[in-house]
>>> print(open('upload.txt').read())   # compact mmCIF, C-alpha atoms
# COMPACT_ATOMS: atom_id res chain seq x y z
CA MET A 1 54.17 92.58 -41.28
CA GLU A 2 55.32 94.43 -38.16
CA GLN A 3 58.62 93.13 -36.80
CA ARG A 4 58.29 91.34 -33.46
CA PRO A 5 60.67 92.85 -30.87
CA VAL A 6 63.51 90.65 -29.68
CA SER A 7 62.65 89.41 -26.23
CA ARG A 8 64.03 85.88 -25.75
CA VAL A 9 67.74 85.12 -26.04
CA VAL A 10 69.87 81.99 -25.68
CA ILE A 11 73.53 82.47 -24.73
CA ILE A 12 75.78 79.48 -25.40
CA GLY A 13 78.94 79.75 -23.32
CA THR A 14 78.98 81.41 -19.91
CA GLY A 15 82.52 82.65 -19.56
CA LEU A 16 83.51 86.28 -19.09
CA ILE A 17 81.93 87.51 -22.34
CA GLY A 18 78.80 85.35 -22.41
CA THR A 19 77.93 86.01 -18.77
CA SER A 20 78.54 89.75 -19.12
CA ILE A 21 76.26 89.84 -22.17
CA GLY A 22 73.62 87.93 -20.23
CA CYS A 23 73.78 90.40 -17.34
CA ASP A 24 73.36 93.36 -19.69
CA LEU A 25 70.53 91.87 -21.73
CA SER A 26 68.69 90.69 -18.62
CA ALA A 27 68.94 94.19 -17.15
CA ALA A 28 67.58 95.57 -20.43
CA GLY A 29 64.46 93.39 -20.19
CA TYR A 30 65.41 90.41 -22.33
CA ALA A 31 64.51 86.90 -21.18
CA VAL A 32 67.91 85.18 -21.27
CA HIS A 33 68.50 81.42 -21.22
CA LEU A 34 72.00 80.15 -20.47
CA ARG A 35 73.75 77.08 -21.85
CA ASP A 36 77.24 75.75 -21.20
CA HIS A 37 78.85 72.33 -21.46
CA LYS A 38 79.88 72.93 -17.83
CA ILE A 39 76.54 73.24 -16.06
CA SER A 40 78.32 74.63 -12.99
CA HIS A 41 79.40 77.67 -15.06
CA ALA A 42 75.83 78.25 -16.23
CA ARG A 43 74.57 78.05 -12.65
CA VAL A 44 77.16 80.59 -11.49
CA ALA A 45 76.21 82.91 -14.35
CA ALA A 46 72.54 82.58 -13.45
CA GLY A 47 73.38 83.43 -9.84
CA LEU A 48 75.06 86.61 -11.06
CA GLY A 49 71.88 87.74 -12.82
CA ALA A 50 72.83 86.70 -16.37
CA GLY A 51 69.66 84.68 -16.97
CA THR A 52 68.12 81.29 -16.25
CA ILE A 53 69.35 77.77 -16.94
CA GLU A 54 65.80 76.66 -17.76
CA PRO A 55 65.53 75.67 -21.47
CA PRO A 56 63.29 77.84 -23.67
CA ILE A 57 60.69 76.75 -26.23
CA SER A 58 62.83 76.65 -29.38
CA ALA A 59 60.33 78.46 -31.60
CA ASP A 60 60.15 81.40 -29.17
CA VAL A 61 63.85 82.23 -29.29
CA ASP A 62 64.64 85.46 -31.16
CA LEU A 63 68.41 85.64 -30.78
CA VAL A 64 71.23 83.17 -30.05
CA VAL A 65 74.65 84.40 -28.94
CA VAL A 66 77.45 81.85 -29.38
CA ALA A 67 80.20 82.78 -26.92
CA VAL A 68 82.60 79.83 -27.08
CA PRO A 69 86.25 79.30 -28.15
CA PRO A 70 86.93 79.71 -31.90
CA GLY A 71 87.25 76.01 -32.66
CA ALA A 72 83.66 75.30 -31.61
CA ILE A 73 81.91 78.34 -33.11
CA ALA A 74 80.97 77.09 -36.59
CA ASP A 75 79.41 73.83 -35.36
CA LEU A 76 77.37 75.64 -32.70
CA VAL A 77 76.17 78.30 -35.15
CA VAL A 78 74.90 75.57 -37.49
CA HIS A 79 73.31 73.69 -34.59
CA SER A 80 71.60 76.85 -33.36
CA LEU A 81 70.22 77.74 -36.80
CA GLN A 82 68.71 74.26 -36.95
CA ILE A 83 67.12 73.99 -33.51
CA TYR A 84 65.96 77.62 -33.16
CA PRO A 85 64.02 78.11 -36.40
CA ASN A 86 63.02 81.75 -35.82
CA ALA A 87 66.21 83.02 -34.22
CA THR A 88 68.98 85.25 -35.49
CA VAL A 89 72.35 83.70 -34.57
CA THR A 90 75.48 85.68 -33.83
CA ASP A 91 78.86 84.68 -32.46
CA VAL A 92 81.25 86.88 -30.51
CA GLY A 93 84.51 85.26 -31.61
CA SER A 94 87.54 87.44 -32.26
CA VAL A 95 88.11 86.06 -35.79
CA LYS A 96 85.29 86.25 -38.34
CA ALA A 97 86.39 85.21 -41.86
CA GLY A 98 87.33 81.64 -40.95
CA VAL A 99 83.98 81.02 -39.28
CA LEU A 100 82.07 82.43 -42.25
CA ASP A 101 84.14 80.36 -44.71
CA ALA A 102 83.34 77.21 -42.73
CA LEU A 103 79.63 78.09 -42.66
CA TRP A 104 79.46 78.60 -46.46
CA GLN A 105 80.40 74.92 -46.80
CA ARG A 106 77.48 73.75 -44.66
CA ASP A 107 73.99 72.94 -45.89
CA VAL A 108 72.28 75.70 -43.93
CA ASP A 109 70.50 78.98 -44.69
CA LEU A 110 72.81 81.76 -43.47
CA GLY A 111 70.27 84.55 -43.80
CA ARG A 112 69.77 84.42 -40.03
CA TYR A 113 73.49 84.48 -39.21
CA VAL A 114 75.34 87.73 -38.46
CA GLY A 115 78.82 87.64 -36.91
CA SER A 116 79.94 90.14 -34.27
CA HIS A 117 82.86 90.86 -31.97
CA PRO A 118 82.82 92.99 -28.79
CA MET A 119 86.22 94.66 -28.35
CA ALA A 120 86.23 94.11 -24.62
CA GLY A 121 87.58 91.43 -22.39
CA SER A 122 90.33 90.52 -20.00
CA HIS A 123 93.15 88.05 -19.49
CA HIS A 124 90.87 86.56 -16.81
CA SER A 125 88.18 84.02 -17.68
CA GLY A 126 85.09 82.33 -16.29
CA PRO A 127 81.71 83.62 -15.17
CA MET A 128 83.00 85.01 -11.87
CA THR A 129 85.01 87.62 -13.79
CA ALA A 130 81.92 88.98 -15.59
CA HIS A 131 80.34 92.35 -14.89
CA ARG A 132 77.68 94.62 -16.35
CA GLU A 133 80.05 97.48 -17.18
CA LEU A 134 82.27 95.42 -19.49
CA PHE A 135 80.89 96.77 -22.78
CA VAL A 136 79.96 100.33 -21.83
CA ASP A 137 81.28 102.69 -24.54
CA ARG A 138 83.46 99.91 -25.98
CA THR A 139 83.46 99.18 -29.70
CA TRP A 140 81.38 96.17 -30.76
CA VAL A 141 81.93 95.16 -34.39
CA VAL A 142 79.00 93.73 -36.38
CA THR A 143 80.04 91.80 -39.52
CA PRO A 144 77.06 91.03 -41.77
CA HIS A 145 77.69 89.04 -44.96
CA ARG A 146 76.05 89.24 -48.38
CA ARG A 147 73.14 86.98 -47.40
CA SER A 148 72.42 88.36 -43.92
CA ALA A 149 68.77 89.38 -43.66
CA ALA A 150 68.17 93.01 -42.72
CA GLU A 151 65.98 91.91 -39.79
CA SER A 152 68.80 89.71 -38.45
CA VAL A 153 71.33 92.53 -38.68
CA GLU A 154 68.99 94.82 -36.77
CA ARG A 155 68.43 92.23 -34.03
CA VAL A 156 72.17 91.98 -33.42
CA ARG A 157 72.58 95.77 -33.48
CA ALA A 158 69.74 96.12 -30.96
CA ALA A 159 71.49 93.69 -28.61
CA VAL A 160 74.74 95.65 -28.96
CA ARG A 161 72.92 98.85 -28.02
CA ALA A 162 71.31 97.10 -25.04
CA CYS A 163 74.82 96.27 -23.81
CA ARG A 164 75.62 100.02 -24.08
CA ALA A 165 78.43 99.42 -26.56
CA ARG A 166 79.34 101.45 -29.65
CA GLU A 167 78.40 99.49 -32.78
CA LEU A 168 80.67 99.45 -35.83
CA ILE A 169 79.81 97.68 -39.10
CA MET A 170 82.79 96.03 -40.85
CA ASP A 171 83.54 93.49 -43.57
CA VAL A 172 84.86 90.22 -42.13
CA ASP A 173 88.25 90.43 -43.88
CA ASP A 174 88.73 94.06 -42.84
CA HIS A 175 87.87 93.09 -39.27
CA ASP A 176 90.38 90.23 -39.17
CA ALA A 177 93.17 92.41 -40.56
CA ALA A 178 92.39 95.10 -38.01
CA VAL A 179 92.39 92.80 -34.97
CA ALA A 180 95.66 91.25 -36.16
CA ARG A 181 97.21 94.73 -35.93
CA VAL A 182 95.66 96.04 -32.72
CA SER A 183 94.96 92.88 -30.68
CA HIS A 184 96.69 89.72 -31.85
CA LEU A 185 100.12 91.23 -32.59
CA PRO A 186 100.25 93.12 -29.24
CA HIS A 187 99.37 89.88 -27.47
CA LEU A 188 102.27 88.08 -29.11
CA MET A 189 104.66 90.92 -28.27
CA SER A 190 103.56 90.62 -24.64
CA VAL A 191 104.08 86.85 -24.78
CA LEU A 192 107.56 87.35 -26.24
CA VAL A 193 108.65 89.68 -23.43
CA ALA A 194 107.03 87.54 -20.72
CA GLY A 195 108.60 84.37 -22.11
CA HIS A 196 112.02 86.01 -22.01
CA LEU A 197 111.56 86.48 -18.26
CA THR A 198 111.91 82.70 -17.80
CA GLN A 199 115.63 83.24 -18.51
CA VAL A 200 116.01 86.20 -16.13
CA PRO A 201 117.52 85.54 -12.67
CA GLU A 202 115.13 85.92 -9.73
CA ARG A 203 117.43 88.60 -8.28
CA ASP A 204 116.94 90.77 -11.36
CA LEU A 205 113.16 90.42 -11.18
CA MET A 206 113.25 92.20 -7.82
CA LEU A 207 113.90 95.35 -9.85
CA ALA A 208 110.76 94.94 -11.95
CA GLY A 209 108.46 97.94 -11.96
CA GLN A 210 105.06 98.83 -13.36
CA GLY A 211 106.42 99.15 -16.90
CA LEU A 212 107.26 95.45 -17.06
CA ARG A 213 103.89 94.54 -15.58
CA ASP A 214 102.09 96.72 -18.13
CA VAL A 215 103.92 95.11 -21.06
CA THR A 216 103.44 91.51 -19.89
CA ARG A 217 99.94 91.64 -18.32
CA ILE A 218 98.01 90.17 -21.26
CA ALA A 219 100.54 87.35 -21.69
CA GLY A 220 98.77 85.67 -18.75
CA SER A 221 95.74 84.83 -20.91
CA ASP A 222 94.62 81.24 -21.59
CA PRO A 223 97.19 79.65 -23.98
CA GLU A 224 94.67 77.12 -25.35
CA LEU A 225 92.22 79.88 -26.29
CA TRP A 226 94.92 82.02 -27.91
CA GLU A 227 96.29 79.07 -29.86
CA GLN A 228 92.87 78.79 -31.50
CA ILE A 229 92.56 82.55 -32.09
CA LEU A 230 95.99 82.85 -33.71
CA GLY A 231 95.50 79.70 -35.76
CA ALA A 232 92.22 81.04 -37.12
CA ASN A 233 93.80 84.37 -38.12
CA SER A 234 97.29 83.14 -39.02
CA ASN A 235 97.57 84.81 -42.44
CA ALA A 236 96.84 88.30 -41.13
CA VAL A 237 98.97 87.78 -38.01
CA LEU A 238 101.96 86.51 -40.02
CA GLU A 239 101.88 89.64 -42.18
CA GLU A 240 102.08 91.82 -39.06
CA LEU A 241 104.81 89.66 -37.48
CA ARG A 242 106.98 89.93 -40.58
CA ASP A 243 106.63 93.70 -40.55
CA VAL A 244 107.66 93.79 -36.89
CA GLN A 245 110.57 91.46 -37.72
CA ASP A 246 111.81 94.05 -40.21
CA GLN A 247 111.37 96.83 -37.66
CA LEU A 248 113.26 94.78 -35.04
CA GLY A 249 116.18 94.45 -37.42
CA LEU A 250 116.24 98.21 -37.87
CA LEU A 251 116.04 98.74 -34.12
CA ILE A 252 119.01 96.43 -33.53
CA LYS A 253 121.07 98.40 -36.04
CA SER A 254 119.98 101.66 -34.38
CA VAL A 255 121.12 100.47 -30.95
CA GLU A 256 124.42 99.24 -32.39
CA ALA A 257 125.02 102.68 -33.91
CA ALA A 258 123.47 104.68 -31.07
CA HIS A 259 126.49 106.96 -30.69
CA ALA A 260 127.07 107.43 -34.41
CA SER A 261 123.63 108.35 -35.76
CA GLY A 262 120.20 109.67 -34.85
CA ASP A 263 118.43 106.46 -35.84
CA LEU A 264 117.73 105.37 -32.27
CA ARG A 265 116.05 108.68 -31.44
CA SER A 266 113.94 108.28 -34.59
CA GLN A 267 112.85 104.80 -33.48
CA LEU A 268 111.89 106.06 -30.02
CA GLU A 269 110.00 109.02 -31.48
CA ARG A 270 108.16 106.63 -33.81
CA GLY A 271 106.88 104.86 -30.69
CA VAL A 272 105.63 108.15 -29.25
CA ALA A 273 103.87 108.92 -32.53
CA GLY A 274 102.17 105.53 -32.46
CA ILE A 275 100.91 106.06 -28.92
CA ARG A 276 99.38 109.37 -29.95
CA LYS A 277 97.31 107.63 -32.65
CA ILE A 278 95.49 105.45 -30.12
CA GLY A 279 91.99 106.70 -29.34
CA GLY A 280 91.43 108.17 -25.92
CA LYS A 281 88.54 107.81 -23.49
CA HIS A 282 85.30 106.65 -25.16
CA GLY A 283 87.08 106.48 -28.52
CA ALA A 284 87.71 110.22 -28.69
CA ALA A 285 90.98 111.78 -29.82
CA LEU A 286 93.80 111.09 -27.38
CA VAL A 287 94.17 113.77 -24.71
CA ARG A 288 97.57 114.37 -23.12
CA TYR A 289 96.75 114.09 -19.40
CA ARG A 290 98.99 115.06 -16.53
CA GLN A 291 99.79 112.50 -13.87
CA VAL A 292 99.63 113.31 -10.18
CA VAL A 293 101.46 110.57 -8.25
CA VAL A 294 100.47 110.03 -4.62
CA ALA A 295 102.35 107.79 -2.18
CA ILE A 296 99.91 105.51 -0.37
CA PRO A 297 100.79 103.28 2.61
CA ASP A 298 99.99 99.58 2.55
CA SER A 299 97.40 99.78 5.33
CA PRO A 300 93.65 99.11 5.68
CA GLY A 301 91.44 102.00 4.60
CA ALA A 302 94.24 104.01 2.96
CA LEU A 303 92.87 103.67 -0.56
CA ALA A 304 89.33 104.59 0.50
CA ARG A 305 90.61 107.68 2.31
CA LEU A 306 92.64 108.72 -0.71
CA PHE A 307 89.68 108.50 -3.08
CA ALA A 308 87.54 110.45 -0.62
CA ASP A 309 90.12 113.23 -0.66
CA VAL A 310 90.29 113.14 -4.47
CA SER A 311 86.51 113.49 -4.54
CA ALA A 312 86.78 116.51 -2.25
CA ALA A 313 88.98 118.18 -4.86
CA GLY A 314 86.13 118.01 -7.39
CA VAL A 315 88.52 116.78 -10.11
CA ASN A 316 87.56 114.08 -12.62
CA VAL A 317 90.16 111.29 -12.72
CA GLU A 318 90.46 109.89 -16.24
CA ASP A 319 92.66 106.90 -15.41
CA ILE A 320 94.61 105.36 -12.53
CA SER A 321 97.50 102.95 -12.08
CA ILE A 322 99.30 101.63 -9.01
CA GLU A 323 102.96 100.69 -8.68
CA HIS A 324 104.04 98.83 -5.55
CA ASP A 325 107.32 99.08 -3.67
CA PRO A 326 107.61 95.67 -1.91
CA VAL A 327 110.60 96.77 0.15
CA ARG A 328 109.10 99.96 1.61
CA GLU A 329 105.54 98.48 1.72
CA ILE A 330 104.16 101.52 -0.02
CA GLY A 331 102.31 102.12 -3.27
CA TYR A 332 102.40 104.92 -5.80
CA LEU A 333 98.99 105.77 -7.22
CA ALA A 334 99.20 107.68 -10.53
CA LEU A 335 96.08 109.77 -11.17
CA SER A 336 95.65 110.98 -14.77
CA VAL A 337 93.76 114.27 -14.94
CA ALA A 338 93.19 117.08 -17.41
CA PRO A 339 96.23 119.43 -17.35
CA GLU A 340 94.20 122.42 -16.16
CA HIS A 341 93.04 120.49 -13.05
CA ALA A 342 96.37 118.99 -11.97
CA ASP A 343 97.54 121.89 -9.79
CA ALA A 344 94.24 122.01 -7.89
CA LEU A 345 94.43 118.26 -7.22
CA VAL A 346 98.03 118.52 -5.98
CA GLU A 347 97.08 121.39 -3.62
CA THR A 348 94.12 119.45 -2.20
CA MET A 349 96.10 116.25 -1.65
CA LEU A 350 98.95 118.10 0.04
CA SER A 351 96.50 119.86 2.33
CA HIS A 352 95.15 116.46 3.41
CA GLY A 353 98.64 115.23 4.33
CA TRP A 354 99.51 113.11 1.29
CA THR A 355 102.97 112.94 -0.25
CA VAL A 356 102.60 114.04 -3.86
CA SER A 357 104.87 114.26 -6.90
>>> encode(input="upload.txt", output="structure tokens")
Amino acid sequence: MEQRPVSRVVIIGTGLIGTSIGCDLSAAGYAVHLRDHKISHARVAAGLGAGTIEPPISADVDLVVVAVPPGAIADLVVHSLQIYPNATVTDVGSVKAGVLDALWQRDVDLGRYVGSHPMAGSHHSGPMTAHRELFVDRTWVVTPHRRSAAESVERVRAAVRACRARELIMDVDDHDAAVARVSHLPHLMSVLVAGHLTQVPERDLMLAGQGLRDVTRIAGSDPELWEQILGANSNAVLEELRDVQDQLGLLIKSVEAAHASGDLRSQLERGVAGIRKIGGKHGAALVRYRQVVVAIPDSPGALARLFADVSAAGVNVEDISIEHDPVREIGYLALSVAPEHADALVETMLSHGWTVS
């Protein structure tokens, strides 16, 4: 029998991820129906083009995407498998093994269930933070299990491609170990540094620069959500925390003996080596860009004029960051460009009257 193309989707949960998925799938031609326990969120998502709040005919639904906090995922997956008899069900939670273990204990056919996890998001939440570019060229992990039907796996993969993400097939345990290393542990390190700031005098915080903001940015995420994420992946996270605990002990000894050994330099160089292992743009090997830093006044239209002048240089900007000087009311915009294009960009910006370093 010829496989019927996926055309009708139900998204349960219209926060940042669910609404962004709805916008992408709607743009790709899917008929998307939105559900949320807060109807106001679903209405906002619908207004952003993520789908409709009108309920579908259950038998016509091909795919259900469960985009809710970890504690509610298993129950909603079971409920969806029961009320949408022809649908593949996926969830987009950041921890997979715990959900699958809970589902094995339920009296439900899991052939139509395939877990997944888009590696994209933000410390912001809610439908108003959603956008259609969220998943472009970002990794989206698909985690089929031993009973997942081939047709169900393909339906999830097709949805991932419609969101313009890069699909990656992984085992659930391998996935959870990986996100503990590259997502959950970094979040806790950010929380640790940010929490320490509660003991720092306000006067000292006036000296804070972009480095502190970079390190602590993700600590502003929803504590209730992260409590559930870390609880669901506690074994893998604890293993990483204990390793960092050992490394912290070594770092303390290195600082204590900074003038008597080369251990501190080795620790700092280890950090540089770790940075170089992180994939670059679109998952490619990391490229060592040069930064051109331009001083920009805090005035209307300054940023638009700067980008117009950058465009005139014909140079592709790979990344940007802004550091503010609250005293001088000026910003420093760091433009990361390929090394061979940096001199041309500097020359163009200087010729347009910008202060460049």
>>> atom_distance(input="upload.txt", atom1="CA of Tyr332 in chain A", atom2="CA of Asp214 in chain A")
14.8 Å
>>> atom_distance(input="upload.txt", atom1="CA of His196 in chain A", atom2="CA of Arg242 in chain A")
19.6 Å
>>> residues_around(input="upload.txt", residues="Ala102 in chain A", least_positions_apart="2", cutoff="12 Å", atoms="all atoms listed in the file", output="list of chain:residue names")
A:Pro70, A:Gly71, A:Ala72, A:Ile73, A:Ala74, A:Asp75, A:Leu76, A:Val77, A:Val78, A:Lys96, A:Ala97, A:Gly98, A:Val99, A:Leu100, A:Trp104, A:Gln105, A:Arg106, A:Asp107, A:Val108, A:Leu110, A:Ala232
>>> closest_residue(input="upload.txt", among="A:Val193, A:Pro186, A:Gly121, A:Leu103", to="His145 in chain A", atoms="only C-alpha atoms")
A:Leu103
>>> atom_distance(input="upload.txt", atom1="CA of Val44 in chain A", atom2="CA of Pro127 in chain A")
6.6 Å
>>> closest_residue(input="upload.txt", among="A:Gly15, A:Gly314, A:Pro69, A:Pro297", to="Thr355 in chain A", atoms="all atoms listed in the file")
A:Pro297
>>> closest_residue(input="upload.txt", among="A:Asn235, A:Glu269, A:Val114, A:Gly211", to="Asp173 in chain A", atoms="only C-alpha atoms")
A:Asn235
>>> residues_near_point(input="upload.txt", point="(80.8, 86.7, -17.0)", cutoff="12 Å", atoms="only C-alpha atoms", output="JSON, numbers by chain")
{"A": [11, 13, 14, 15, 16, 17, 18, 19, 20, 21, 22, 23, 24, 34, 41, 42, 43, 44, 45, 46, 47, 48, 49, 50, 51, 67, 120, 121, 122, 124, 125, 126, 127, 128, 129, 130, 131, 132, 133, 134, 135]}
>>> residues_around(input="upload.txt", residues="Tyr84 in chain A", least_positions_apart="5", cutoff="9 Å", atoms="only C-alpha atoms", output="ChimeraX atom specification")
/A:57-64,79,89
>>> residues_around(input="upload.txt", residues="Asp176 in chain A", least_positions_apart="4", cutoff="8 Å", atoms="only C-alpha atoms", output="JSON, numbers by chain")
{"A": [94, 95, 96, 97, 172, 180, 233, 236]}
>>> closest_residue(input="upload.txt", among="A:Val92, A:Val215, A:Val9, A:Leu81", to="Ser26 in chain A", atoms="all atoms listed in the file")
A:Val9
>>> residues_around(input="upload.txt", residues="Ala149 in chain A", least_positions_apart="3", cutoff="12 Å", atoms="all atoms listed in the file", output="list in words")
Ala87, Thr88, Val89, Asp109, Leu110, Gly111, Arg112, Tyr113, Val114, Pro144, His145, Arg146, Ser152, Val153, Glu154, Arg155 and Val156 of chain A
>>> write_last_selection(input="upload.txt", atoms="C-alpha atoms", output="compact mmCIF listing (two decimals), in the frame of the given file")
# COMPACT_ATOMS: atom_id res chain seq x y z
CA ALA A 87 66.21 83.02 -34.22
CA THR A 88 68.98 85.25 -35.49
CA VAL A 89 72.35 83.70 -34.57
CA ASP A 109 70.50 78.98 -44.69
CA LEU A 110 72.81 81.76 -43.47
CA GLY A 111 70.27 84.55 -43.80
CA ARG A 112 69.77 84.42 -40.03
CA TYR A 113 73.49 84.48 -39.21
CA VAL A 114 75.34 87.73 -38.46
CA PRO A 144 77.06 91.03 -41.77
CA HIS A 145 77.69 89.04 -44.96
CA ARG A 146 76.05 89.24 -48.38
CA SER A 152 68.80 89.71 -38.45
CA VAL A 153 71.33 92.53 -38.68
CA GLU A 154 68.99 94.82 -36.77
CA ARG A 155 68.43 92.23 -34.03
CA VAL A 156 72.17 91.98 -33.42
>>> closest_residue(input="upload.txt", among="A:Ile12, A:Leu188, A:Ala313, A:Val293", to="Ser357 in chain A", atoms="only C-alpha atoms")
A:Val293
>>> closest_residue(input="upload.txt", among="A:Ala257, A:Ile322, A:Val237, A:Met170", to="His187 in chain A", atoms="all atoms listed in the file")
A:Val237
